[in-house]
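Enquirer: Here it is, the structure, as C-alpha cells.
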Amino acid sequence: MAKIENDLTNASTAEAREWKATPFLPRKPIADIGQQRIDGERFHSREFMQREWDMIWTRTWNIGCHVSELEEPGDFRVHSLGKESLLFVMGQDEVIRGFFNVCQHRGNILCQTREGFVDRFKCPFHGWEWNLDGSLKQVMHPHLFAQFRDGIPVEELALPQLKVDTWGGWVWFNMDENAAPLRDFLGEAGRHLESFQLERYNLIDYKSFEWAGNWKHAHDAFNESYHFEALHPEFLDFAEGFDVPIELLGIHSRMLNFNHTVSELRHERDEITPIRKAMLGLPEGYEGPAHQAHLAVIAEKRALEGKSHIPYEALNDEQLAHQYHYTFFPGTTITSTPEMSIVFRYRPHETDPTYCYYDFLITRHDPPGEPRPDYEYRLYRHDELPRYADAFDGTFDPVLANVLQQDGTNMPTMQQGTASRGFRGMILGDQEVRIRHFHQTIDRYLMGNFPRHGDR
C-alpha cells in the first residue's frame, strides 16, 4: 500500500457523505484471476485480428465523436474504426444518428471529408442523395434501372444505421443492433464518472497517432503505473506511480493515479524543487512538504464548494486532487480530474495487426458561456511522429506530453519483441492485473461469452 493512502484516510476534509463515485480507499481486495502468461501471438496474428473484429469491435460500445461537434442540424463527423467508415450527424429533428458511411449504389464512401455541414448527403460518384435521417432522397435517373420499374425500394436503400447514444459529452455507437443499452454496458464504472458532469466539458484538442504496434500494446501501456519508475522517472517528482489502488468492474476496470505529491520512491520528498513547483499545482502561499501538497489542494477545493462552476461538492476527496482512470472495454480510457478529462482511444488498424491508432482527446471544464475553443485535428503517421509537445501546441503540458511520447516509443519494440521465438509470454504482476483482466475479457468474447452489461 502506497504511503500516500495514509495521508488521505487520516486527513479527510469532507464530512461523511454518499458519493456517486465510490472512493478507492480503503482498498478493496482484488479477486485472484490467475497467473498464466499472456501469449505474444495475439499481437501479430491476422486470424486473431479478424476474430477480434467479428466478436468484439462489432459488438461493443465505442466513442465516435464529441456531442459539441454536432450542435446544429446538418453538422456531421466521420470516424474510422478498423475497416469501417462511420458517419454521425445531427438531424433536422435535432436527433443525433450514426450510419455506415457507404453509398448504397456502388459502395463508394459517401462522405469523404472528416467534418462539415450539409443539408443532405450526396455521393460524389453518381449523385445519389440521402436525407440527414438516412432516408433515400434521390436516385439519379431511376428510369435507367430495371430494378426500379415498379418503384424505388426506399427502405432497402436507406443508409444502414448504427445504434447510437450519448453519455459524458460523447456520442457512443454500437454496430450490433441487439446490443444492450449504453448505460447498462458502462455499468458501475459509468455511474462513478457521472459525478464529474463530463457532459459540461469542452473539447479543446484532438490528435491521432499511428503507432507501429498492435492496439492491445497501446491499451496495456496506459493501464498500469508499474512502468513509471523506469520509463517516466520525472513523473515521480509530482505523482505517485507505486502500488496504486486498482479495481475490476465487470468487463471494465479503474485505478487511482495520485497527483500533487512526490513518490515514496524518491528519498527526499519534502523539498519543493523547480519541477515540483511547476507541476504540483501548489495553492498560493503553501509552505508544507512537497509530498503533502495534495492535502492542501483538497482543502482549497472544498472551500470552493457551491462557489464554482465545477461541482466540487459532488466529488469525493480522491477526485478533488487525484486522477480517476477508468477503462471501458475494449478501447476507451477516460482519465479525469475536476478541471480536465482526457479520453485515450485505442483503435485497430484497417488491415495490419502490427499497427494501430491512438487517439488523444482533451476536454476541459470551462465556465458556462465561455466560447468553445477551436482546435486543429491531425493524424500523425508512424513515420512522421512529432515532438509531442509541439503537436498539442499549448493545450497539454509539455512535461506530460513528453511522458506520452515516451509511451509511444515503446510500441515498435513491444511489437518486435512479442514476435520473437525467444518470448515465452507476458508475466504480469499485481500492479498489472488490469492487463490480465483485459486479455481474459478478450478471450471471453472470442469464445462467444458476451457479457450484456458492464458490471457483470
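For the C-alpha cells, the naming scheme is as follows: chains receive sequential letters (A, B, ...) according to their order of presentation, residues are indexed from 1 within each chain, and ligands are indexed from 1 in presentation order.
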Once DSSP has gone over the backbone, tell me which residues of stretch 216-332 of chain A are in strand (DSSP E), as a count of residues only.

Expert: 21

Enquirer: With only C-alpha atoms as the counted atoms, please give the residues lying no more than 10 Å from stretch 205-214 of chain A, apart from itself and same-chain residues fewer than 6 positions off, as a short mmCIF file (atom, residue, chain, number, x, y, z; two decimals) with all heavy atoms, in the first residue's frame.

Expert:
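Final output, saved to around-v6.cif:
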```cif
data_model
loop_
_atom_site.label_atom_id
_atom_site.label_comp_id
_atom_site.auth_asym_id
_atom_site.auth_seq_id
_atom_site.Cartn_x
_atom_site.Cartn_y
_atom_site.Cartn_z
N ARG A 42 -1.16 -13.15 -30.10
CA ARG A 42 -2.37 -12.33 -30.21
C ARG A 42 -2.07 -10.91 -30.70
O ARG A 42 -2.97 -10.19 -31.13
CB ARG A 42 -3.11 -12.28 -28.88
CG ARG A 42 -2.35 -11.57 -27.77
CD ARG A 42 -3.12 -11.62 -26.45
NE ARG A 42 -3.48 -12.96 -26.09
CZ ARG A 42 -4.67 -13.31 -25.56
NH1 ARG A 42 -5.57 -12.38 -25.31
NH2 ARG A 42 -4.92 -14.55 -25.28
N PHE A 43 -0.84 -10.49 -30.61
CA PHE A 43 -0.45 -9.16 -31.07
C PHE A 43 -0.05 -9.15 -32.55
O PHE A 43 0.18 -8.08 -33.12
CB PHE A 43 0.71 -8.63 -30.24
CG PHE A 43 0.40 -8.48 -28.78
CD1 PHE A 43 0.79 -9.45 -27.87
CD2 PHE A 43 -0.29 -7.37 -28.31
CE1 PHE A 43 0.51 -9.33 -26.52
CE2 PHE A 43 -0.58 -7.23 -26.97
CZ PHE A 43 -0.18 -8.20 -26.06
N HIS A 44 0.03 -10.32 -33.18
CA HIS A 44 0.59 -10.42 -34.53
C HIS A 44 -0.30 -11.17 -35.51
O HIS A 44 -0.22 -10.94 -36.71
CB HIS A 44 1.95 -11.12 -34.48
CG HIS A 44 2.93 -10.42 -33.60
ND1 HIS A 44 3.77 -9.45 -34.07
CD2 HIS A 44 3.17 -10.52 -32.26
CE1 HIS A 44 4.50 -8.99 -33.06
NE2 HIS A 44 4.15 -9.62 -31.96
N MET A 49 -6.75 -11.05 -35.25
CA MET A 49 -7.27 -9.72 -35.55
C MET A 49 -8.68 -9.81 -36.13
O MET A 49 -9.58 -9.04 -35.74
CB MET A 49 -6.34 -9.02 -36.54
CG MET A 49 -6.78 -7.64 -36.95
SD MET A 49 -5.68 -6.95 -38.22
CE MET A 49 -6.29 -5.27 -38.32
N ILE A 342 -9.49 13.54 -20.10
CA ILE A 342 -8.85 13.14 -21.34
C ILE A 342 -9.32 11.73 -21.71
O ILE A 342 -9.40 10.85 -20.85
CB ILE A 342 -7.32 13.17 -21.21
CG1 ILE A 342 -6.85 14.60 -20.88
CG2 ILE A 342 -6.66 12.69 -22.50
CD1 ILE A 342 -5.38 14.72 -20.60
N VAL A 343 -9.64 11.56 -22.97
CA VAL A 343 -10.01 10.25 -23.50
C VAL A 343 -8.85 9.72 -24.32
O VAL A 343 -8.32 10.40 -25.21
CB VAL A 343 -11.27 10.33 -24.36
CG1 VAL A 343 -11.49 9.03 -25.14
CG2 VAL A 343 -12.49 10.62 -23.49
N PHE A 344 -8.41 8.49 -23.98
CA PHE A 344 -7.50 7.74 -24.82
C PHE A 344 -8.36 6.73 -25.58
O PHE A 344 -9.11 5.98 -24.97
CB PHE A 344 -6.47 6.94 -24.02
CG PHE A 344 -5.71 7.72 -22.98
CD1 PHE A 344 -5.16 7.05 -21.90
CD2 PHE A 344 -5.54 9.08 -23.05
CE1 PHE A 344 -4.45 7.72 -20.92
CE2 PHE A 344 -4.83 9.77 -22.09
CZ PHE A 344 -4.29 9.09 -21.01
N ARG A 345 -8.21 6.72 -26.88
CA ARG A 345 -8.99 5.78 -27.69
C ARG A 345 -8.00 4.90 -28.45
O ARG A 345 -7.13 5.41 -29.17
CB ARG A 345 -9.92 6.55 -28.64
CG ARG A 345 -11.02 5.75 -29.26
CD ARG A 345 -12.07 6.65 -29.90
NE ARG A 345 -11.49 7.66 -30.78
CZ ARG A 345 -12.20 8.62 -31.37
NH1 ARG A 345 -13.49 8.75 -31.12
NH2 ARG A 345 -11.62 9.49 -32.16
N TYR A 346 -8.12 3.59 -28.29
CA TYR A 346 -7.24 2.64 -28.95
C TYR A 346 -8.02 1.98 -30.08
O TYR A 346 -9.04 1.34 -29.84
CB TYR A 346 -6.75 1.57 -27.97
CG TYR A 346 -6.48 2.08 -26.58
CD1 TYR A 346 -7.38 1.84 -25.54
CD2 TYR A 346 -5.35 2.84 -26.29
CE1 TYR A 346 -7.15 2.30 -24.26
CE2 TYR A 346 -5.11 3.31 -25.01
CZ TYR A 346 -6.02 3.05 -23.99
OH TYR A 346 -5.79 3.52 -22.72
N ARG A 347 -7.52 2.13 -31.32
CA ARG A 347 -8.26 1.60 -32.47
C ARG A 347 -7.39 0.64 -33.29
O ARG A 347 -6.21 0.93 -33.53
CB ARG A 347 -8.73 2.74 -33.38
CG ARG A 347 -9.79 3.63 -32.76
CD ARG A 347 -10.26 4.67 -33.78
NE ARG A 347 -9.27 5.71 -34.03
CZ ARG A 347 -8.94 6.18 -35.23
NH1 ARG A 347 -9.51 5.67 -36.32
NH2 ARG A 347 -8.03 7.13 -35.36
N PRO A 348 -7.97 -0.46 -33.75
CA PRO A 348 -7.19 -1.37 -34.59
C PRO A 348 -6.97 -0.76 -35.97
O PRO A 348 -7.78 0.04 -36.46
CB PRO A 348 -8.09 -2.61 -34.68
CG PRO A 348 -9.48 -2.06 -34.52
CD PRO A 348 -9.36 -0.92 -33.55
N HIS A 349 -5.87 -1.14 -36.57
CA HIS A 349 -5.60 -0.75 -37.95
C HIS A 349 -6.61 -1.40 -38.89
O HIS A 349 -7.25 -2.41 -38.53
CB HIS A 349 -4.17 -1.17 -38.32
CG HIS A 349 -3.67 -0.62 -39.61
ND1 HIS A 349 -3.82 -1.28 -40.81
CD2 HIS A 349 -3.02 0.54 -39.90
CE1 HIS A 349 -3.28 -0.56 -41.78
NE2 HIS A 349 -2.80 0.55 -41.25
N ASP A 352 -3.78 -4.37 -40.80
CA ASP A 352 -2.49 -4.86 -40.34
C ASP A 352 -2.42 -4.92 -38.81
O ASP A 352 -2.50 -3.87 -38.15
CB ASP A 352 -1.37 -3.95 -40.87
CG ASP A 352 0.01 -4.55 -40.70
OD1 ASP A 352 0.19 -5.42 -39.84
OD2 ASP A 352 0.94 -4.12 -41.42
N PRO A 353 -2.28 -6.10 -38.22
CA PRO A 353 -2.24 -6.19 -36.76
C PRO A 353 -1.00 -5.58 -36.14
O PRO A 353 -0.94 -5.44 -34.91
CB PRO A 353 -2.31 -7.70 -36.50
CG PRO A 353 -1.75 -8.32 -37.73
CD PRO A 353 -2.17 -7.43 -38.86
N THR A 354 -0.01 -5.22 -36.92
CA THR A 354 1.22 -4.65 -36.36
C THR A 354 1.18 -3.13 -36.28
O THR A 354 2.18 -2.51 -35.91
CB THR A 354 2.45 -5.09 -37.20
OG1 THR A 354 2.37 -4.53 -38.51
CG2 THR A 354 2.51 -6.60 -37.29
N TYR A 355 0.02 -2.53 -36.59
CA TYR A 355 -0.17 -1.08 -36.46
C TYR A 355 -1.47 -0.82 -35.71
O TYR A 355 -2.35 -1.68 -35.63
CB TYR A 355 -0.22 -0.39 -37.83
CG TYR A 355 1.12 -0.36 -38.53
CD1 TYR A 355 1.51 -1.41 -39.36
CD2 TYR A 355 1.99 0.72 -38.35
CE1 TYR A 355 2.73 -1.39 -40.01
CE2 TYR A 355 3.22 0.74 -38.99
CZ TYR A 355 3.59 -0.30 -39.81
OH TYR A 355 4.81 -0.28 -40.44
N CYS A 356 -1.59 0.39 -35.19
CA CYS A 356 -2.83 0.80 -34.54
C CYS A 356 -2.93 2.32 -34.57
O CYS A 356 -1.99 3.02 -34.98
CB CYS A 356 -2.90 0.29 -33.09
SG CYS A 356 -1.82 1.18 -31.93
N TYR A 357 -4.07 2.81 -34.11
CA TYR A 357 -4.27 4.25 -33.94
C TYR A 357 -4.53 4.55 -32.48
O TYR A 357 -5.35 3.88 -31.83
CB TYR A 357 -5.45 4.74 -34.79
CG TYR A 357 -5.25 4.50 -36.27
CD1 TYR A 357 -5.91 3.45 -36.91
CD2 TYR A 357 -4.38 5.30 -37.01
CE1 TYR A 357 -5.72 3.22 -38.26
CE2 TYR A 357 -4.18 5.07 -38.36
CZ TYR A 357 -4.85 4.03 -38.98
OH TYR A 357 -4.65 3.79 -40.31
N TYR A 358 -3.83 5.56 -31.99
CA TYR A 358 -4.02 6.03 -30.62
C TYR A 358 -4.54 7.46 -30.69
O TYR A 358 -3.89 8.35 -31.24
CB TYR A 358 -2.71 5.97 -29.86
CG TYR A 358 -2.75 6.61 -28.48
CD1 TYR A 358 -3.40 5.98 -27.43
CD2 TYR A 358 -2.12 7.83 -28.24
CE1 TYR A 358 -3.44 6.55 -26.17
CE2 TYR A 358 -2.15 8.40 -26.98
CZ TYR A 358 -2.82 7.77 -25.95
OH TYR A 358 -2.86 8.34 -24.71
N ASP A 359 -5.75 7.67 -30.19
CA ASP A 359 -6.37 9.00 -30.20
C ASP A 359 -6.26 9.64 -28.82
O ASP A 359 -6.46 8.97 -27.80
CB ASP A 359 -7.85 8.89 -30.58
CG ASP A 359 -8.06 8.27 -31.95
OD1 ASP A 359 -7.20 8.47 -32.83
OD2 ASP A 359 -9.09 7.60 -32.14
N PHE A 360 -6.00 10.92 -28.82
CA PHE A 360 -5.85 11.69 -27.58
C PHE A 360 -6.79 12.88 -27.66
O PHE A 360 -6.57 13.81 -28.43
CB PHE A 360 -4.40 12.15 -27.43
CG PHE A 360 -3.99 12.56 -26.05
CD1 PHE A 360 -3.49 11.64 -25.14
CD2 PHE A 360 -4.08 13.90 -25.66
CE1 PHE A 360 -3.11 12.02 -23.87
CE2 PHE A 360 -3.69 14.30 -24.38
CZ PHE A 360 -3.19 13.35 -23.49
N LEU A 361 -7.88 12.83 -26.89
CA LEU A 361 -8.93 13.85 -26.94
C LEU A 361 -9.00 14.55 -25.59
O LEU A 361 -9.25 13.90 -24.56
CB LEU A 361 -10.28 13.22 -27.30
CG LEU A 361 -10.32 12.43 -28.62
CD1 LEU A 361 -10.31 10.93 -28.34
CD2 LEU A 361 -11.55 12.80 -29.43
N ILE A 362 -8.78 15.85 -25.58
CA ILE A 362 -8.71 16.62 -24.34
C ILE A 362 -9.98 17.44 -24.16
O ILE A 362 -10.39 18.19 -25.06
CB ILE A 362 -7.50 17.58 -24.36
CG1 ILE A 362 -6.20 16.84 -24.67
CG2 ILE A 362 -7.38 18.31 -23.03
CD1 ILE A 362 -5.00 17.75 -24.83
N THR A 363 -10.63 17.31 -23.02
CA THR A 363 -11.77 18.15 -22.68
C THR A 363 -11.49 18.89 -21.39
O THR A 363 -10.75 18.42 -20.53
CB THR A 363 -13.07 17.33 -22.54
OG1 THR A 363 -12.99 16.48 -21.39
CG2 THR A 363 -13.33 16.49 -23.78
N ARG A 364 -12.09 20.07 -21.25
CA ARG A 364 -11.82 20.94 -20.12
C ARG A 364 -13.13 21.51 -19.59
O ARG A 364 -14.03 21.85 -20.36
CB ARG A 364 -10.89 22.08 -20.57
CG ARG A 364 -10.38 22.99 -19.47
CD ARG A 364 -9.38 23.98 -20.05
NE ARG A 364 -10.02 24.84 -21.05
CZ ARG A 364 -9.38 25.46 -22.04
NH1 ARG A 364 -8.08 25.30 -22.18
NH2 ARG A 364 -10.04 26.23 -22.90
N PRO A 373 -13.29 26.53 -27.63
CA PRO A 373 -12.05 26.78 -28.37
C PRO A 373 -11.99 25.99 -29.67
O PRO A 373 -12.55 24.89 -29.78
CB PRO A 373 -10.96 26.31 -27.39
CG PRO A 373 -11.65 25.32 -26.51
CD PRO A 373 -13.08 25.76 -26.40
N ASP A 374 -11.34 26.57 -30.65
CA ASP A 374 -11.09 25.86 -31.90
C ASP A 374 -9.85 24.99 -31.74
O ASP A 374 -8.94 25.33 -30.99
CB ASP A 374 -10.88 26.85 -33.05
CG ASP A 374 -12.15 27.61 -33.39
OD1 ASP A 374 -13.23 27.03 -33.26
OD2 ASP A 374 -12.03 28.79 -33.80
N TYR A 375 -9.83 23.90 -32.43
CA TYR A 375 -8.64 23.06 -32.44
C TYR A 375 -8.45 22.51 -33.85
O TYR A 375 -9.40 22.46 -34.64
CB TYR A 375 -8.74 21.91 -31.44
CG TYR A 375 -9.74 20.85 -31.83
CD1 TYR A 375 -9.37 19.75 -32.62
CD2 TYR A 375 -11.07 20.94 -31.43
CE1 TYR A 375 -10.29 18.81 -33.00
CE2 TYR A 375 -12.00 19.99 -31.81
CZ TYR A 375 -11.61 18.92 -32.59
OH TYR A 375 -12.51 17.98 -32.98
N GLU A 376 -7.24 22.13 -34.16
CA GLU A 376 -6.95 21.56 -35.47
C GLU A 376 -6.63 20.08 -35.31
O GLU A 376 -5.62 19.72 -34.71
CB GLU A 376 -5.77 22.28 -36.12
CG GLU A 376 -5.43 21.77 -37.51
CD GLU A 376 -4.26 22.50 -38.14
OE1 GLU A 376 -3.76 23.47 -37.52
OE2 GLU A 376 -3.84 22.10 -39.24
N TYR A 377 -7.51 19.24 -35.84
CA TYR A 377 -7.27 17.80 -35.79
C TYR A 377 -6.15 17.43 -36.74
O TYR A 377 -6.01 18.00 -37.85
CB TYR A 377 -8.52 17.02 -36.17
CG TYR A 377 -8.25 15.55 -36.35
CD1 TYR A 377 -8.10 14.73 -35.25
CD2 TYR A 377 -8.08 14.99 -37.62
CE1 TYR A 377 -7.83 13.36 -35.40
CE2 TYR A 377 -7.81 13.63 -37.79
CZ TYR A 377 -7.68 12.83 -36.67
OH TYR A 377 -7.39 11.51 -36.82
N ARG A 378 -5.34 16.45 -36.31
CA ARG A 378 -4.33 15.92 -37.22
C ARG A 378 -4.03 14.47 -36.86
O ARG A 378 -4.01 14.11 -35.69
CB ARG A 378 -3.04 16.72 -37.16
CG ARG A 378 -1.98 16.19 -38.14
CD ARG A 378 -0.80 17.09 -38.31
NE ARG A 378 0.21 16.45 -39.17
CZ ARG A 378 1.38 16.97 -39.46
NH1 ARG A 378 1.71 18.16 -38.97
NH2 ARG A 378 2.23 16.32 -40.23
N LEU A 379 -3.84 13.66 -37.89
CA LEU A 379 -3.37 12.29 -37.74
C LEU A 379 -1.90 12.26 -38.13
O LEU A 379 -1.54 12.62 -39.26
CB LEU A 379 -4.18 11.35 -38.64
CG LEU A 379 -3.59 9.95 -38.87
CD1 LEU A 379 -3.49 9.18 -37.56
CD2 LEU A 379 -4.42 9.17 -39.90
N TYR A 380 -1.05 11.84 -37.19
CA TYR A 380 0.37 11.69 -37.45
C TYR A 380 0.66 10.22 -37.78
O TYR A 380 0.39 9.33 -36.97
CB TYR A 380 1.19 12.11 -36.23
CG TYR A 380 1.09 13.58 -35.90
CD1 TYR A 380 0.14 14.04 -35.01
CD2 TYR A 380 1.95 14.51 -36.48
CE1 TYR A 380 0.04 15.39 -34.69
CE2 TYR A 380 1.87 15.86 -36.17
CZ TYR A 380 0.91 16.29 -35.28
OH TYR A 380 0.82 17.63 -34.97
N ARG A 381 1.23 9.97 -38.96
CA ARG A 381 1.58 8.62 -39.36
C ARG A 381 2.83 8.16 -38.62
O ARG A 381 3.60 8.98 -38.11
CB ARG A 381 1.80 8.56 -40.86
CG ARG A 381 0.54 8.84 -41.68
CD ARG A 381 -0.49 7.74 -41.50
NE ARG A 381 -1.70 8.01 -42.27
CZ ARG A 381 -2.76 7.20 -42.28
NH1 ARG A 381 -2.74 6.08 -41.58
NH2 ARG A 381 -3.83 7.49 -42.99
N HIS A 382 3.03 6.86 -38.57
CA HIS A 382 4.11 6.30 -37.76
C HIS A 382 5.49 6.79 -38.20
O HIS A 382 6.42 6.82 -37.40
CB HIS A 382 4.06 4.77 -37.80
CG HIS A 382 4.48 4.18 -39.11
ND1 HIS A 382 3.63 4.06 -40.18
CD2 HIS A 382 5.68 3.69 -39.53
CE1 HIS A 382 4.27 3.51 -41.20
NE2 HIS A 382 5.51 3.28 -40.83
N ASP A 383 5.62 7.18 -39.48
CA ASP A 383 6.92 7.62 -39.97
C ASP A 383 7.07 9.14 -39.95
O ASP A 383 8.03 9.68 -40.48
CB ASP A 383 7.17 7.09 -41.39
CG ASP A 383 6.05 7.47 -42.36
OD1 ASP A 383 5.06 8.09 -41.93
OD2 ASP A 383 6.19 7.16 -43.56
N GLU A 384 6.10 9.84 -39.33
CA GLU A 384 6.18 11.29 -39.22
C GLU A 384 5.76 11.77 -37.82
O GLU A 384 5.25 12.86 -37.66
CB GLU A 384 5.28 11.96 -40.27
CG GLU A 384 3.81 11.59 -40.15
CD GLU A 384 2.88 12.40 -41.06
OE1 GLU A 384 3.39 13.19 -41.89
OE2 GLU A 384 1.66 12.26 -40.91
N LEU A 385 6.00 10.92 -36.83
CA LEU A 385 5.58 11.29 -35.48
C LEU A 385 6.33 12.53 -35.02
O LEU A 385 7.54 12.67 -35.23
CB LEU A 385 5.84 10.12 -34.52
CG LEU A 385 4.94 8.90 -34.73
CD1 LEU A 385 5.35 7.78 -33.79
CD2 LEU A 385 3.47 9.25 -34.52
N PRO A 386 5.62 13.45 -34.36
CA PRO A 386 6.21 14.73 -34.00
C PRO A 386 6.86 14.69 -32.63
O PRO A 386 6.84 13.68 -31.92
CB PRO A 386 4.97 15.63 -33.94
CG PRO A 386 3.93 14.71 -33.35
CD PRO A 386 4.21 13.35 -33.96
N TYR A 388 5.92 15.53 -29.31
CA TYR A 388 4.53 15.57 -28.89
C TYR A 388 4.14 16.92 -28.29
O TYR A 388 2.98 17.36 -28.43
CB TYR A 388 4.23 14.43 -27.92
CG TYR A 388 4.06 13.09 -28.60
CD1 TYR A 388 4.89 12.69 -29.64
CD2 TYR A 388 3.06 12.22 -28.20
CE1 TYR A 388 4.75 11.47 -30.26
CE2 TYR A 388 2.91 10.97 -28.81
CZ TYR A 388 3.75 10.61 -29.84
OH TYR A 388 3.61 9.40 -30.47
N ALA A 391 2.92 18.97 -31.01
CA ALA A 391 1.64 18.53 -31.59
C ALA A 391 0.47 19.17 -30.88
O ALA A 391 -0.53 19.52 -31.51
CB ALA A 391 1.53 17.00 -31.51
N PHE A 392 0.58 19.35 -29.56
CA PHE A 392 -0.55 19.90 -28.80
C PHE A 392 -0.53 21.41 -28.71
O PHE A 392 -1.54 22.03 -28.42
CB PHE A 392 -0.60 19.26 -27.42
CG PHE A 392 -0.91 17.80 -27.46
CD1 PHE A 392 0.07 16.85 -27.25
CD2 PHE A 392 -2.18 17.35 -27.75
CE1 PHE A 392 -0.21 15.49 -27.30
CE2 PHE A 392 -2.49 16.01 -27.82
CZ PHE A 392 -1.50 15.07 -27.60
N ASP A 393 0.60 22.05 -28.91
CA ASP A 393 0.68 23.50 -29.06
C ASP A 393 -0.06 24.25 -27.94
O ASP A 393 -0.91 25.10 -28.18
CB ASP A 393 0.12 23.92 -30.42
CG ASP A 393 0.44 25.37 -30.75
OD1 ASP A 393 1.45 25.88 -30.23
OD2 ASP A 393 -0.32 25.99 -31.51
N GLY A 394 0.26 23.88 -26.70
CA GLY A 394 -0.27 24.65 -25.57
C GLY A 394 -1.48 24.08 -24.89
O GLY A 394 -1.86 24.53 -23.79
N THR A 395 -2.15 23.08 -25.48
CA THR A 395 -3.34 22.52 -24.84
C THR A 395 -3.00 21.42 -23.84
O THR A 395 -3.87 20.99 -23.08
CB THR A 395 -4.31 21.95 -25.88
OG1 THR A 395 -3.63 20.95 -26.65
CG2 THR A 395 -4.83 23.04 -26.79
N PHE A 396 -1.75 20.95 -23.86
CA PHE A 396 -1.33 19.88 -22.97
C PHE A 396 0.06 20.22 -22.48
O PHE A 396 0.92 20.63 -23.25
CB PHE A 396 -1.34 18.54 -23.72
CG PHE A 396 -1.24 17.33 -22.84
CD1 PHE A 396 -2.09 17.17 -21.77
CD2 PHE A 396 -0.30 16.34 -23.10
CE1 PHE A 396 -2.00 16.04 -20.96
CE2 PHE A 396 -0.21 15.21 -22.30
CZ PHE A 396 -1.07 15.06 -21.22
N GLY A 408 4.78 6.19 -26.39
CA GLY A 408 4.68 5.86 -27.81
C GLY A 408 5.93 5.19 -28.36
O GLY A 408 5.83 4.34 -29.25
N THR A 409 7.10 5.55 -27.82
CA THR A 409 8.34 4.96 -28.34
C THR A 409 8.44 3.47 -28.06
O THR A 409 9.21 2.77 -28.72
CB THR A 409 9.56 5.67 -27.74
OG1 THR A 409 9.54 5.55 -26.31
CG2 THR A 409 9.59 7.15 -28.11
N ASN A 410 7.68 2.97 -27.12
CA ASN A 410 7.71 1.54 -26.80
C ASN A 410 6.97 0.68 -27.80
O ASN A 410 7.15 -0.55 -27.83
CB ASN A 410 7.10 1.29 -25.41
CG ASN A 410 8.11 1.40 -24.30
OD1 ASN A 410 9.31 1.44 -24.53
ND2 ASN A 410 7.62 1.45 -23.08
N MET A 411 6.09 1.28 -28.60
CA MET A 411 5.21 0.47 -29.44
C MET A 411 5.98 -0.40 -30.44
O MET A 411 5.74 -1.61 -30.52
CB MET A 411 4.20 1.37 -30.17
CG MET A 411 3.20 2.06 -29.25
SD MET A 411 2.21 0.93 -28.24
CE MET A 411 2.91 1.27 -26.62
N PRO A 412 6.92 0.14 -31.22
CA PRO A 412 7.62 -0.73 -32.18
C PRO A 412 8.43 -1.83 -31.51
O PRO A 412 8.50 -2.96 -32.02
CB PRO A 412 8.53 0.25 -32.95
CG PRO A 412 7.94 1.59 -32.73
CD PRO A 412 7.34 1.55 -31.36
N THR A 413 9.07 -1.51 -30.38
CA THR A 413 9.90 -2.51 -29.72
C THR A 413 9.06 -3.59 -29.04
O THR A 413 9.46 -4.75 -28.98
CB THR A 413 10.85 -1.85 -28.72
OG1 THR A 413 10.11 -1.01 -27.82
CG2 THR A 413 11.88 -0.99 -29.44
N MET A 414 7.89 -3.21 -28.52
CA MET A 414 6.98 -4.21 -27.98
C MET A 414 6.47 -5.13 -29.08
O MET A 414 6.37 -6.35 -28.90
CB MET A 414 5.80 -3.53 -27.27
CG MET A 414 6.14 -2.86 -25.95
SD MET A 414 6.61 -4.04 -24.66
CE MET A 414 5.08 -4.95 -24.45
N GLN A 415 6.16 -4.54 -30.22
CA GLN A 415 5.66 -5.33 -31.33
C GLN A 415 6.73 -6.31 -31.81
O GLN A 415 6.45 -7.48 -32.08
CB GLN A 415 5.21 -4.42 -32.47
CG GLN A 415 4.43 -5.12 -33.55
CD GLN A 415 3.09 -5.66 -33.06
OE1 GLN A 415 2.51 -5.16 -32.11
NE2 GLN A 415 2.61 -6.72 -33.70
N GLN A 416 7.96 -5.84 -31.91
CA GLN A 416 9.05 -6.71 -32.36
C GLN A 416 9.32 -7.81 -31.34
O GLN A 416 9.46 -8.98 -31.69
CB GLN A 416 10.32 -5.87 -32.59
CG GLN A 416 11.51 -6.71 -33.03
CD GLN A 416 12.77 -5.88 -33.21
OE1 GLN A 416 12.77 -4.67 -33.00
NE2 GLN A 416 13.85 -6.53 -33.61
#
```

Enquirer: Can you work out which one of A:Val67, A:Ile442, A:Ile33, A:Leu87 has the shortest atom-to-atom distance to A:Gly168, counting only C-alpha atoms?

Expert: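 Checking each of A:Val67, A:Ile442, A:Ile33, A:Leu87 against A:Gly168, counting only C-alpha atoms, the winner is A:Val67.
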
Enquirer: So how many Å separate atom CA of A:Arg51 and atom CA of A:Tyr445, to one decimal?

Expert: 9.4 Å

Enquirer: Which of these residues is nearest to A:Asn316, using only C-alpha atoms: A:Glu339, A:Asp184, A:Glu18, A:Asp243?

Expert: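 When distances to A:Asn316 are compared using only C-alpha atoms, the smallest one comes from A:Glu18.
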
Enquirer: As a VMD selection string, which residues of stretch 189-392 of chain A does DSSP assign to alpha helix (DSSP H)?

Expert: chain A and resid 189 to 193 215 to 221 228 to 231 274 to 279 293 to 302 317 to 321 388 to 392

Enquirer: From the list A:Thr335, A:Thr113, A:Gln50, A:Asn259, which residue is nearest A:Glu318 when using only C-alpha atoms?

Expert: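 Answer, going by the shortest atom-to-atom distance: A:Asn259.
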
Enquirer: May I have a table of the residues of stretch 397-442 of chain A lying at most 10 Å from stretch 276-296 of chain A, giving each one's closest pair of atoms and their distance in Å to one decimal, counting only C-alpha atoms, ordered by chain and ascending residue number, as JSON lines?

Expert:
```
{"residue": "A:Asp397", "atom": "CA", "partner": "A:Met279", "partner_atom": "CA", "distance": 9.2}
{"residue": "A:Val399", "atom": "CA", "partner": "A:Met279", "partner_atom": "CA", "distance": 8.6}
{"residue": "A:Leu400", "atom": "CA", "partner": "A:Met279", "partner_atom": "CA", "distance": 9.6}
```

Enquirer: Using N, CA, C and O atoms, can you export the residues from the last selection as a PDB file, in the first residue's frame?

Expert:
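Final output, out.pdb:
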```
ATOM      1  N   ASP A 397       0.282  20.070 -21.171  1.00  0.00           N
ATOM      2  CA  ASP A 397       1.545  20.462 -20.571  1.00  0.00           C
ATOM      3  C   ASP A 397       2.718  19.766 -21.263  1.00  0.00           C
ATOM      4  O   ASP A 397       2.681  18.545 -21.482  1.00  0.00           O
ATOM      5  N   VAL A 399       5.631  18.848 -20.247  1.00  0.00           N
ATOM      6  CA  VAL A 399       6.229  17.767 -19.466  1.00  0.00           C
ATOM      7  C   VAL A 399       5.403  16.493 -19.636  1.00  0.00           C
ATOM      8  O   VAL A 399       5.936  15.398 -19.849  1.00  0.00           O
ATOM      9  N   LEU A 400       4.079  16.629 -19.552  1.00  0.00           N
ATOM     10  CA  LEU A 400       3.207  15.466 -19.703  1.00  0.00           C
ATOM     11  C   LEU A 400       3.196  14.970 -21.149  1.00  0.00           C
ATOM     12  O   LEU A 400       3.075  13.767 -21.395  1.00  0.00           O
TER      13      LEU A 400
END
```
